[in-house]
>>> print(open('work25.csv').read())   # CSV, C-alpha atoms and all ligand atoms
chain,number,residue,atom,x,y,z
A,1216,MET,CA,10.9,14.4,-9.2
A,1217,PRO,CA,11.2,13.1,-12.8
A,1218,ALA,CA,8.3,13.5,-15.3
A,1219,THR,CA,7.6,9.8,-14.9
A,1220,CYS,CA,7.6,8.1,-11.5
A,1221,ASN,CA,8.6,4.4,-11.6
A,1222,VAL,CA,6.6,2.4,-9.2
A,1223,VAL,CA,7.1,-1.2,-8.1
A,1224,VAL,CA,4.2,-3.0,-6.4
A,1225,LEU,CA,4.5,-5.8,-4.0
A,1226,LEU,CA,1.6,-8.2,-3.4
A,1227,SER,CA,0.6,-11.6,-2.2
A,1228,GLY,CA,-3.0,-12.0,-3.3
A,1229,THR,CA,-5.9,-10.8,-5.4
A,1230,GLY,CA,-4.5,-7.5,-6.4
A,1231,SER,CA,-7.6,-5.4,-6.6
A,1232,ASN,CA,-5.7,-2.4,-5.4
A,1233,LEU,CA,-3.1,-3.1,-8.1
A,1234,GLN,CA,-5.9,-3.2,-10.6
A,1235,ALA,CA,-7.2,0.2,-9.4
A,1236,LEU,CA,-3.7,1.6,-9.7
A,1237,ILE,CA,-3.4,0.2,-13.2
A,1238,ASP,CA,-6.7,1.7,-14.2
A,1239,SER,CA,-5.7,5.1,-12.8
A,1240,THR,CA,-2.5,5.1,-14.9
A,1241,ARG,CA,-4.6,4.8,-18.0
A,1242,ALA,CA,-5.6,8.5,-17.6
A,1243,GLY,CA,-3.4,10.1,-20.3
A,1244,ASP,CA,-1.8,12.6,-17.9
A,1245,SER,CA,-0.7,10.1,-15.2
A,1246,PRO,CA,2.9,10.5,-14.2
A,1247,VAL,CA,2.8,7.0,-12.6
A,1248,ARG,CA,4.5,4.1,-14.4
A,1249,ILE,CA,4.1,0.7,-12.8
A,1250,ARG,CA,7.5,-0.7,-13.6
A,1251,ALA,CA,7.0,-4.1,-12.1
A,1252,VAL,CA,4.8,-6.3,-9.8
A,1253,ILE,CA,6.6,-8.6,-7.4
A,1254,SER,CA,5.0,-11.4,-5.4
A,1255,ASN,CA,6.2,-13.8,-2.8
A,1256,ARG,CA,3.5,-16.2,-4.0
A,1257,ALA,CA,3.5,-17.7,-7.5
A,1258,ASP,CA,-0.3,-18.2,-7.3
A,1259,ALA,CA,-1.1,-14.6,-6.5
A,1260,LEU,CA,-4.0,-13.5,-8.8
A,1261,GLY,CA,-2.4,-10.1,-8.9
A,1262,LEU,CA,0.4,-11.4,-11.1
A,1263,GLN,CA,-2.1,-12.2,-13.8
A,1264,LYS,CA,-3.6,-8.8,-13.6
A,1265,ALA,CA,-0.2,-7.3,-14.1
A,1266,GLN,CA,0.6,-9.5,-17.0
A,1267,ASP,CA,-2.7,-8.7,-18.6
A,1268,ALA,CA,-1.7,-5.1,-18.4
A,1269,GLY,CA,1.7,-5.8,-20.0
A,1270,ILE,CA,3.6,-5.1,-16.7
A,1271,ASP,CA,6.8,-7.1,-15.8
A,1272,THR,CA,6.3,-9.5,-13.0
A,1273,ALA,CA,8.6,-11.5,-10.7
A,1274,VAL,CA,8.1,-14.1,-8.0
A,1275,LEU,CA,10.4,-14.5,-5.0
A,1276,ASP,CA,9.3,-17.3,-2.8
A,1277,HIS,CA,10.2,-16.5,0.8
A,1278,ARG,CA,10.2,-20.3,1.7
A,1279,GLN,CA,13.3,-20.6,-0.4
A,1280,PHE,CA,15.3,-18.4,2.0
A,1281,ASP,CA,16.9,-19.0,5.3
A,1282,GLY,CA,15.2,-16.3,7.4
A,1283,ARG,CA,13.6,-12.9,7.0
A,1284,GLU,CA,16.8,-11.0,6.5
A,1285,ALA,CA,18.0,-13.2,3.7
A,1286,PHE,CA,14.7,-12.9,1.9
A,1287,ASP,CA,14.5,-9.2,2.3
A,1288,ARG,CA,18.0,-8.7,1.0
A,1289,ALA,CA,17.2,-10.7,-2.1
A,1290,LEU,CA,13.9,-8.8,-2.5
A,1291,MET,CA,15.7,-5.4,-2.2
A,1292,ALA,CA,18.1,-6.5,-5.0
A,1293,LEU,CA,15.2,-7.6,-7.2
A,1294,ILE,CA,13.3,-4.4,-6.6
A,1295,ASP,CA,16.2,-2.1,-7.1
A,1296,ASP,CA,16.9,-3.6,-10.5
A,1297,PHE,CA,13.7,-1.8,-11.6
A,1298,GLU,CA,15.0,1.5,-10.2
A,1299,PRO,CA,11.7,2.6,-8.6
A,1300,GLN,CA,11.1,6.0,-7.1
A,1301,LEU,CA,8.2,4.5,-5.1
A,1302,LEU,CA,7.5,1.1,-3.7
A,1303,VAL,CA,3.8,0.3,-3.1
A,1304,LEU,CA,2.6,-2.5,-0.7
A,1305,ALA,CA,-0.7,-3.8,-2.0
A,1306,GLY,CA,-1.6,-6.8,0.2
A,1307,PHE,CA,1.9,-8.0,0.6
A,1308,MET,CA,1.5,-10.5,3.5
A,1309,ARG,CA,5.0,-10.3,4.9
A,1310,ILE,CA,6.5,-8.5,7.8
A,1311,LEU,CA,9.4,-6.4,6.6
A,1312,SER,CA,12.7,-6.3,8.3
A,1313,ALA,CA,14.0,-3.0,9.7
A,1314,THR,CA,16.8,-3.0,7.1
A,1315,PHE,CA,14.3,-3.2,4.3
A,1316,VAL,CA,12.0,-0.5,5.7
A,1317,ARG,CA,15.0,1.8,6.3
A,1318,HIS,CA,16.3,1.2,2.8
A,1319,TYR,CA,13.0,2.5,1.3
A,1320,HIS,CA,12.4,5.2,3.9
A,1321,GLY,CA,10.2,8.0,2.5
A,1322,ARG,CA,9.4,6.0,-0.7
A,1323,LEU,CA,7.4,3.1,0.7
A,1324,LEU,CA,3.5,3.3,1.0
A,1325,ASN,CA,1.0,0.8,2.4
A,1326,ILE,CA,-2.7,0.6,2.6
A,1327,HIS,CA,-4.5,-0.8,5.6
A,1328,PRO,CA,-8.2,-1.6,6.1
A,1329,SER,CA,-8.9,0.5,9.2
A,1330,LEU,CA,-8.8,4.0,10.4
A,1331,LEU,CA,-5.3,3.9,11.8
A,1332,PRO,CA,-4.2,4.1,14.6
A,1333,LYS,CA,-7.2,1.9,15.3
A,1334,TYR,CA,-7.0,-1.8,14.5
A,1335,LYS,CA,-3.4,-2.4,13.4
A,1336,GLY,CA,-2.9,-6.0,12.2
A,1337,LEU,CA,-5.6,-8.4,11.1
A,1338,HIS,CA,-9.4,-8.8,11.3
A,1339,THR,CA,-10.0,-5.1,11.2
A,1340,HIS,CA,-13.6,-5.2,10.1
A,1341,GLN,CA,-14.6,-7.7,12.7
A,1342,ARG,CA,-12.9,-5.6,15.4
A,1343,ALA,CA,-14.6,-2.4,14.3
A,1344,LEU,CA,-18.0,-4.1,14.5
A,1345,GLU,CA,-17.2,-5.7,17.9
A,1346,ALA,CA,-16.2,-2.3,19.2
A,1347,GLY,CA,-19.6,-0.8,18.1
A,1348,ASP,CA,-17.8,1.9,16.0
A,1349,SER,CA,-20.1,4.2,14.0
A,1350,GLU,CA,-17.3,4.8,11.4
A,1351,HIS,CA,-14.7,2.7,9.8
A,1352,GLY,CA,-12.5,3.0,6.7
A,1353,CYS,CA,-9.0,2.6,5.4
A,1354,SER,CA,-5.7,4.4,5.5
A,1355,VAL,CA,-2.7,5.0,3.3
A,1356,HIS,CA,0.5,5.6,5.2
A,1357,PHE,CA,4.3,5.8,4.8
A,1358,VAL,CA,5.9,2.7,6.1
A,1359,THR,CA,8.2,2.9,9.1
A,1360,GLU,CA,9.5,0.2,11.4
A,1361,GLU,CA,6.4,0.3,13.5
A,1362,LEU,CA,3.9,-2.2,12.0
A,1363,ASP,CA,0.9,-0.3,10.5
A,1364,GLY,CA,2.2,2.7,12.4
A,1365,GLY,CA,3.8,5.1,9.9
A,1366,PRO,CA,2.7,8.7,9.2
A,1367,LEU,CA,-0.7,8.9,7.6
A,1368,VAL,CA,-1.3,10.3,4.1
A,1369,VAL,CA,-5.0,9.9,3.5
A,1370,GLN,CA,-8.0,8.1,5.1
A,1371,ALA,CA,-11.4,7.2,3.6
A,1372,VAL,CA,-14.1,7.2,6.2
A,1373,ILE,CA,-17.4,5.4,5.8
A,1374,PRO,CA,-20.4,5.0,8.1
A,1375,VAL,CA,-21.0,1.6,9.7
A,1376,GLN,CA,-24.6,0.6,8.9
A,1377,SER,CA,-26.9,-1.5,11.1
A,1378,GLY,CA,-26.8,-5.0,9.9
A,1379,ASP,CA,-23.2,-4.8,8.6
A,1380,THR,CA,-21.2,-7.9,8.8
A,1381,PRO,CA,-17.4,-8.1,8.4
A,1382,GLN,CA,-18.0,-9.1,4.8
A,1383,THR,CA,-20.3,-6.2,3.9
A,1384,LEU,CA,-18.0,-3.8,5.6
A,1385,ALA,CA,-14.9,-5.2,3.9
A,1386,HIS,CA,-16.6,-4.8,0.6
A,1387,ARG,CA,-17.4,-1.1,1.1
A,1388,VAL,CA,-13.9,-0.4,2.6
A,1389,HIS,CA,-12.3,-2.1,-0.4
A,1390,ALA,CA,-14.1,0.2,-2.8
A,1391,GLN,CA,-12.7,3.1,-0.9
A,1392,GLU,CA,-9.2,1.6,-1.0
A,1393,HIS,CA,-9.5,1.7,-4.7
A,1394,GLN,CA,-10.1,5.4,-4.6
A,1395,ILE,CA,-7.5,6.6,-2.1
A,1396,TYR,CA,-4.5,4.5,-3.0
A,1397,PRO,CA,-4.2,5.7,-6.6
A,1398,LEU,CA,-4.8,9.2,-5.3
A,1399,ALA,CA,-1.9,9.0,-2.9
A,1400,VAL,CA,0.4,7.3,-5.4
A,1401,ARG,CA,-0.4,10.1,-7.9
A,1402,TRP,CA,0.3,12.8,-5.3
A,1403,PHE,CA,3.7,11.2,-4.6
A,1404,ALA,CA,4.4,10.9,-8.4
A,1405,GLU,CA,3.5,14.5,-8.9
A,1406,GLY,CA,6.0,15.6,-6.2
A,1407,ARG,CA,3.1,16.9,-4.0
A,1408,LEU,CA,3.6,14.3,-1.2
A,1409,ARG,CA,6.8,13.5,0.7
A,1410,LEU,CA,7.9,12.4,4.1
A,1411,GLY,CA,9.8,15.1,5.9
A,1412,GLN,CA,11.8,15.1,9.1
A,1413,GLN,CA,8.7,16.0,11.2
A,1414,GLY,CA,6.1,14.0,9.2
A,1415,VAL,CA,4.2,14.1,6.0
A,1416,VAL,CA,4.6,17.2,3.8
A,1417,PHE,CA,1.9,18.0,1.3
A,1418,ASP,CA,2.2,20.8,-1.2
A,1419,GLY,CA,5.1,22.1,0.8
A,1420,GLN,CA,3.1,22.3,4.1
A,1421,PRO,CA,3.1,19.9,7.1
A,1422,LEU,CA,0.1,17.6,6.8
A,1423,ALA,CA,-2.1,17.2,10.0
A,1424,VAL,CA,-1.2,14.0,11.9
A,1425,GLY,CA,-4.4,12.1,10.7
A,1426,GLY,CA,-3.6,12.9,7.0
A,1427,HIS,CA,-6.3,13.9,4.5
A,1428,SER,CA,-9.7,12.7,5.3
A,1429,ILE,CA,-12.2,11.7,2.7
A,1430,ARG,CA,-15.8,11.0,3.8
A,1431,SER,CA,-18.6,9.3,2.0
B,1501,LIG,C1,-6.5,-4.8,1.2
B,1501,LIG,O1,-7.5,-5.0,2.1
B,1501,LIG,C2,-5.4,-3.9,1.9
B,1501,LIG,O2,-6.0,-3.0,2.7
B,1501,LIG,C3,-4.6,-4.9,2.7
B,1501,LIG,O3,-4.5,-6.0,1.8
B,1501,LIG,C4,-5.7,-6.1,1.0
B,1501,LIG,C5,-5.2,-6.3,-0.4
B,1501,LIG,O4,-6.3,-6.5,-1.2
B,1501,LIG,N1,-3.3,-4.3,2.9
B,1501,LIG,P1,-6.1,-6.7,-2.8
B,1501,LIG,O5,-5.2,-7.8,-3.0
B,1501,LIG,O6,-5.6,-5.4,-3.3
B,1501,LIG,O7,-7.5,-7.0,-3.3
>>> encode(input="work25.csv", output="structure tokens")
Amino acid sequence: MPATCNVVVLLSGTGSNLQALIDSTRAGDSPVRIRAVISNRADALGLQKAQDAGIDTAVLDHRQFDGREAFDRALMALIDDFEPQLLVLAGFMRILSATFVRHYHGRLLNIHPSLLPKYKGLHTHQRALEAGDSEHGCSVHFVTEELDGGPLVVQAVIPVQSGDTPQTLAHRVHAQEHQIYPLAVRWFAEGRLRLGQQGVVFDGQPLAVGGHSIRS
């Protein structure tokens, strides 16, 4: 692993996770260098956050392409021009083709607002409340071809409180996302985290299937 780890971030929206990542790289000893932020939406607020931080941005509008494969091919070419060691999905609202996922195997991370494997897909906070769960949270995982199903790196677990709504829960989970995503990215950049043949390897040892668990 080089002294600096080039990271490309893909997003479609607000970019609060991007902002947390940017803030974390301001620590003088961070090996993470956010090389570029790419969005499929020109109006994504995250692009402005990147520009404010002096980070290169690019927009690739999926509606201009004839199908998922064609878009993903163009996206890969754009990403690879920045020569990232790590690709970070931060609210990128596109399903990725198998070709894309395989191309970035072992160097593609995602964050999901639930304690995976619970509540893959959308409306996770609502679903956790409807199920009467006492705990909820978020997960960072390596991306594989199974949607929201790749090997777990770290989860933040929070208690569900009486009176919680999907909005209050989302708010507290989001705050946790901003802690664990920069942490996982840093672990990768430091060479402590990698995807091995049998699963996630951390500090040279196989990581338990649920990944690290951080409770608050
Ligand atoms: C987060 O909730 C994340 O878990 C999901 O997309 C959302 C992105 O939020 N993958 P933001 O744009 O980083 O604020």
>>> axis_aligned_box(input="work25.csv", around="ligand LIG 1501 (chain B)", padding_each_side="6 Å", output="lines of an AutoDock Vina configuration file")
center_x = -5.4
center_y = -5.4
center_z = -0.2
size_x = 16.2
size_y = 16.8
size_z = 18.2
>>> closest_residue(input="work25.csv", among="A:Thr1229, A:Thr1380, A:Gln1263, A:Thr1272", to="A:Arg1250", atoms="all atoms listed in the file")
A:Thr1272
>>> closest_residue(input="work25.csv", among="A:Thr1359, A:Thr1314, A:Ser1428, A:Asn1221", to="A:Val1247", atoms="all atoms listed in the file")
A:Asn1221
>>> closest_residue(input="work25.csv", among="A:Ala1346, A:Leu1236, A:Ala1273, A:Val1372", to="ligand LIG 1501 (chain B)", atoms="all atoms listed in the file")
A:Leu1236
>>> closest_residue(input="work25.csv", among="A:Ala1218, A:Ala1257, A:Ala1423, A:Ala1265", to="A:Leu1233", atoms="all atoms listed in the file")
A:Ala1265
>>> closest_residue(input="work25.csv", among="A:Ala1251, A:Ile1294, A:Leu1260, A:Ala1371", to="ligand LIG 1501 (chain B)", atoms="only C-alpha atoms and all ligand atoms")
A:Leu1260
>>> closest_atom_pairs(input="work25.csv", of="chain A", to="ligand LIG 1501 (chain B)", cutoff="8 Å", atoms="all atoms listed in the file", output="tab-separated table")
residue	atom	partner	partner_atom	distance
A:Leu1226	CA	B:LIG1501	O5	6.8
A:Ser1227	CA	B:LIG1501	O5	7.0
A:Gly1228	CA	B:LIG1501	O5	4.8
A:Thr1229	CA	B:LIG1501	O5	3.9
A:Gly1230	CA	B:LIG1501	O5	3.5
A:Ser1231	CA	B:LIG1501	O7	3.7
A:Asn1232	CA	B:LIG1501	O6	3.7
A:Leu1233	CA	B:LIG1501	O6	5.9
A:Gln1234	CA	B:LIG1501	O6	7.6
A:Gly1261	CA	B:LIG1501	O5	6.9
A:Leu1304	CA	B:LIG1501	N1	7.1
A:Ala1305	CA	B:LIG1501	O6	5.3
A:Gly1306	CA	B:LIG1501	O3	3.4
A:Phe1307	CA	B:LIG1501	N1	6.8
A:Met1308	CA	B:LIG1501	O3	7.7
A:Asn1325	CA	B:LIG1501	N1	6.7
A:Ile1326	CA	B:LIG1501	O2	4.9
A:His1327	CA	B:LIG1501	O2	3.9
A:Pro1328	CA	B:LIG1501	O2	4.3
A:Ser1329	CA	B:LIG1501	O2	7.9
A:Cys1353	CA	B:LIG1501	O2	6.9
A:Ser1354	CA	B:LIG1501	O2	7.9
A:Ala1385	CA	B:LIG1501	O1	7.6
A:Val1388	CA	B:LIG1501	O1	7.9
A:His1389	CA	B:LIG1501	O1	6.1
A:Glu1392	CA	B:LIG1501	O2	6.7
>>> closest_residue(input="work25.csv", among="A:Gly1378, A:Gly1347, A:Gly1365, A:Pro1421", to="A:Leu1323", atoms="only C-alpha atoms")
A:Gly1365
>>> residues_around(input="work25.csv", residues="A:Gly1411", least_positions_apart="6", cutoff="12 Å", atoms="all atoms listed in the file", output="JSON list (two decimals) with C-alpha atoms, in the coordinates of the input")
[["chain", "number", "residue", "atom", "x", "y", "z"],
["A", 1320, "HIS", "CA", 12.40, 5.20, 3.90],
["A", 1321, "GLY", "CA", 10.20, 8.00, 2.50],
["A", 1322, "ARG", "CA", 9.40, 6.00, -0.70],
["A", 1357, "PHE", "CA", 4.30, 5.80, 4.80],
["A", 1366, "PRO", "CA", 2.70, 8.70, 9.20],
["A", 1417, "PHE", "CA", 1.90, 18.00, 1.30],
["A", 1418, "ASP", "CA", 2.20, 20.80, -1.20],
["A", 1419, "GLY", "CA", 5.10, 22.10, 0.80],
["A", 1420, "GLN", "CA", 3.10, 22.30, 4.10],
["A", 1421, "PRO", "CA", 3.10, 19.90, 7.10],
["A", 1422, "LEU", "CA", 0.10, 17.60, 6.80]]
>>> atom_distance(input="work25.csv", atom1="atom CA of A:Val1252", atom2="atom CA of A:Val1416")
27.2 Å
>>> residues_near_point(input="work25.csv", point="(-4.9, 5.4, -6.7)", cutoff="9 Å", atoms="only C-alpha atoms", output="PyMOL selection string")
chain A and resi 1232-1233+1235-1240+1392-1401
>>> atom_distance(input="work25.csv", atom1="atom CA of A:Ser1312", atom2="atom CA of A:Leu1331")
21.0 Å
>>> residues_around(input="work25.csv", residues="A:Gln1382", least_positions_apart="3", cutoff="9 Å", atoms="all atoms listed in the file", output="list in words")
His1340, Gln1341, Asp1379, Ala1385, His1386 and Arg1387 of chain A
>>> atom_distance(input="work25.csv", atom1="atom CA of A:Leu1408", atom2="atom CA of A:Met1291")
23.1 Å
>>> residues_near_point(input="work25.csv", point="(-20.4, 8.7, 0.8)", cutoff="12 Å", atoms="all atoms listed in the file", output="list in words")
Glu1350, Gly1352, Ala1371, Val1372, Ile1373, Pro1374, Val1375, Arg1387, Val1388, Ala1390, Gln1391, Ile1429, Arg1430 and Ser1431 of chain A
